[in-house]
There are 2 protein chains.
Amino acid sequence: MQNQLNQLKTHLLEINDLESACNLLHWDQATYMPPGGATARGRQMATLRKIAHDKFTSPIICELLASLQNYAQNLPDNSDDASLIRITQRHYNKAIQVPAEFMAKLAIHQAECYKMWSKYRSENNFKAVLPDLEKTLELSREYANYFKYEQIADPLIEDADYGMKTETVRSLFTELRKKLVPMVEEITAKSEIDNSFLNQYFPEDKQLEFSRKVLDKIGYDWSRGRQDKTLHPFMTKFSLGDVRITTRVYENNLEQCLFCSMHEMGHAFYEMGINPNYEGTPLAHGTSSGVHESQSRLWENLVGRSREFWHYFYPQLQRFFPEQLNNIDEETFYQGINKVKRSLIRTDADEVTYN
Amino acid sequence: MQNQLNQLKTHLLEINDLESACNLLHWDQATYMPPGGATARGRQMATLRKIAHDKFTSPIICELLASLQNYAQNLPDNSDDASLIRITQRHYNKAIQVPAEFMAKLAIHQAECYKMWSKYRSENNFKAVLPDLEKTLELSREYANYFKYEQIADPLIEDADYGMKTETVRSLFTELRKKLVPMVEEITAKSEIDNSFLNQYFPEDKQLEFSRKVLDKIGYDWSRGRQDKTLHPFMTKFSLGDVRITTRVYENNLEQCLFCSMHEMGHAFYEMGINPNYEGTPLAHGTSSGVHESQSRLWENLVGRSREFWHYFYPQLQRFFPEQLNNIDEETFYQGINKVKRSLIRTDADEVTYN
């Protein structure tokens, strides 16, 4: 069986390399790519996705998986080999429902959509991106229709969180709403906290320097990653030794750069901590978007907005921005960054972009 | 025939996308990649090269080319279609001699070699990279031996300059030597020019800013390219709309950053000027390394080291570096950057790297 298992791993590694290259094409698109590169970039990502999809859905993968079923059944469910075979089979069963041409079409649309969004975002011009968003919806429906489902969102939710369905998500939010709505009402009924000191002018280079200092101190390993600027922060992985984060800076908002950095660092820590033996297999990713987000928000909020954290870091932050913060005490700062307010966007930050 | 021709172009575009992705993997390796990414990066480049090679040497390319021979023979030799068919056939004939596994092995070695070179370069530690260079030689021989040749370097030279052979290169240099050696002797017999003013301290950010000002003025299109720092400057293309250059800066040498920038800009101009109809085909690259280098050196030397160029730019350069250059007149500067000296390296620049 080791022979078939090794063969499977070799195929999976090749597919992983194509996907990693595609991740780099995307990272570059979102960080350094000049605008002239946009059209070809979309096509290049589509080509790589299509080849990866073709390779993953090829008969050899099917045969290898079939030949490994008996072996897997005699192993504990949570053993590495059984998990690899089970999860690869699950992904395979889903992938063969979707034609490679559709995956390519989707990748081209996503790149086009990104191009339009990045162009019209700074103008707050929703109308200009609406047709692309409508097409995204249409393609999402087309994608879902390759599968059997109870609710049309099920196949999409399942891609992100295996085992979750529209119904699960609905009942989860119904429960949360019962507790959260009164809590928000209670808080916002109180007199509003004034945290306008967070909206003074904080120069970009200083903000970036401070965020890197924090990442450094917490233990982000710069020999296995880096931080760059982008429009909408994300974490991406090209290998276990290259897990990068991105951030953005608003010079009239002190929270954006720092908490985005800590959020993406949380994602990166999760990926950087994966067992090296899983590298290049479907096991080498977070188990779900839900768990991934738990890691990012752990660092952003439970750590990054805690009293203890700022008791340590606030004097350093004041030294970075003495004019802006020397007359703001630690407790005021702590309350300011924890201010609760209603917003349409989770990371709403009174966005003002500097062009 | 248009059907077969379009099919061929579709296949070539897919191969081009794989190669472009590979170029980005390399650009990133040489600019921003953290050291932890090195091993996987080599493997990823190898995977993409192998797939591109497999696709290019597949029977469908052979069949399409065969079906297009009659069509091509009835066209003028220099027509776009005839040229595309002829040059693709030439590349195909060469590619099928070499197994994809060898191309992958070579790519992995090149990445390893780059890793070692970039590590030991700053220490001037030749011994540490010698084993890798020896392996490069060995692999070059292995590559050459897939072909029939008169001299072992012929297949390698031909990859860079079609039609050139060891014998052509030898006789070319024999001719040049007759004229150049006495010329160098005559010049170096004269009293040596003092251009030590070029080796004062010139801060990196100022050097980069000036080089970008020059590129800007000459007309490098930043919406279709960008400039980043690397260890050994190069130009690379991901599409006709994304042709990037790199440079390096030595803070004790004013020539390095500027002339590297102009050199790579020359390469970029050549690539940026290619007919968009050729995009994604083997016609969309320079015709040879020789012609390519003629373009880079045209800008670096014939323009960049000319009196006229500096008559325009020198006052601006003085404003960038008043302390260093205000007491150096235009003629002294002009002679200083044109100083002839013997050197083992073409771009020898009294290298001192700043870590």
# chains A, B, ... in the order shown; residues from 1 in each chain; ligands from 1
>>> interface_residues(of="chain B", to="chain A", cutoff="6 Å", atoms="only C-alpha atoms", output="VMD selection string")
chain B and resid 17 34 to 37 44 223 to 225 241 to 242
>>> select_by_dssp(residues="stretch 56-222 of chain B", states="helix (DSSP H, G or I)", output="MDAnalysis selection string")
chainID B and resid 56 59:73 80:95 100:120 126:144 154:160 166:189 196:199 204:218 222
>>> residues_around(residues="B:Thr246", least_positions_apart="3", cutoff="10 Å", atoms="only C-alpha atoms", output="list in words")
Trp27, Ala30, Thr31, Arg226, Gln227, Asp228, Lys229, Thr230, Leu231, His232, Pro233, Phe234, Met235, Thr236, Cys257, Cys260, Ser261, His263, Glu264 and Met265 of chain B
>>> write_last_selection(atoms="C-alpha atoms", output="PDB file, in the first residue's frame")
ATOM      1  CA  TRP B  27      11.099  37.212  -9.633  1.00  0.00           C
ATOM      2  CA  ALA B  30      15.000  37.172  -6.226  1.00  0.00           C
ATOM      3  CA  THR B  31      13.193  40.104  -4.608  1.00  0.00           C
ATOM      4  CA  ARG B 226       7.960  48.321 -11.776  1.00  0.00           C
ATOM      5  CA  GLN B 227      11.457  48.410 -10.326  1.00  0.00           C
ATOM      6  CA  ASP B 228      12.581  46.409  -7.283  1.00  0.00           C
ATOM      7  CA  LYS B 229      15.858  45.625  -5.597  1.00  0.00           C
ATOM      8  CA  THR B 230      17.665  42.332  -6.047  1.00  0.00           C
ATOM      9  CA  LEU B 231      21.153  40.848  -5.735  1.00  0.00           C
ATOM     10  CA  HIS B 232      21.930  40.629  -9.446  1.00  0.00           C
ATOM     11  CA  PRO B 233      19.721  42.830 -11.643  1.00  0.00           C
ATOM     12  CA  PHE B 234      17.532  41.313 -14.337  1.00  0.00           C
ATOM     13  CA  MET B 235      14.466  42.078 -16.439  1.00  0.00           C
ATOM     14  CA  THR B 236      11.498  39.755 -16.484  1.00  0.00           C
ATOM     15  CA  CYS B 257      22.067  51.551  -9.307  1.00  0.00           C
ATOM     16  CA  CYS B 260      21.860  48.779 -13.887  1.00  0.00           C
ATOM     17  CA  SER B 261      18.486  50.516 -14.044  1.00  0.00           C
ATOM     18  CA  HIS B 263      20.511  48.526 -18.700  1.00  0.00           C
ATOM     19  CA  GLU B 264      17.435  46.615 -17.550  1.00  0.00           C
ATOM     20  CA  MET B 265      15.196  49.364 -18.887  1.00  0.00           C
TER      21      MET B 265
END
>>> residues_around(residues="A:Asn301", least_positions_apart="3", cutoff="9 Å", atoms="only C-alpha atoms", output="MDAnalysis selection string")
chainID A and resid 259 262:263 296:298 304:306 338
>>> atom_distance(atom1="atom CA of B:Tyr314", atom2="atom CA of B:Glu330")
6.6 Å
>>> closest_residue(among="A:Leu198, A:Met272, A:Leu208, A:Val129", to="A:Val249", atoms="only C-alpha atoms")
A:Leu208
>>> residues_around(residues="B:Asn252", least_positions_apart="4", cutoff="6 Å", atoms="only C-alpha atoms", output="list in words")
Asn199, Gln200 and Tyr201 of chain B
>>> residues_around(residues="stretch 75-89 of chain B", least_positions_apart="4", cutoff="8 Å", atoms="only C-alpha atoms", output="NGL selection string")
:B and (65 or 68-69 or 71 or 93 or 281-283)
>>> write_last_selection(atoms="C-alpha atoms", output="PDB file, in the first residue's frame")
ATOM      1  CA  LEU B  65       2.613  21.645 -36.631  1.00  0.00           C
ATOM      2  CA  LEU B  68       0.353  23.503 -40.875  1.00  0.00           C
ATOM      3  CA  GLN B  69       3.521  22.886 -42.913  1.00  0.00           C
ATOM      4  CA  TYR B  71       0.105  26.396 -45.282  1.00  0.00           C
ATOM      5  CA  ASN B  93      12.330  19.848 -32.502  1.00  0.00           C
ATOM      6  CA  THR B 281       3.534  32.769 -28.589  1.00  0.00           C
ATOM      7  CA  PRO B 282       7.257  32.041 -29.055  1.00  0.00           C
ATOM      8  CA  LEU B 283       7.429  35.180 -31.229  1.00  0.00           C
TER       9      LEU B 283
END
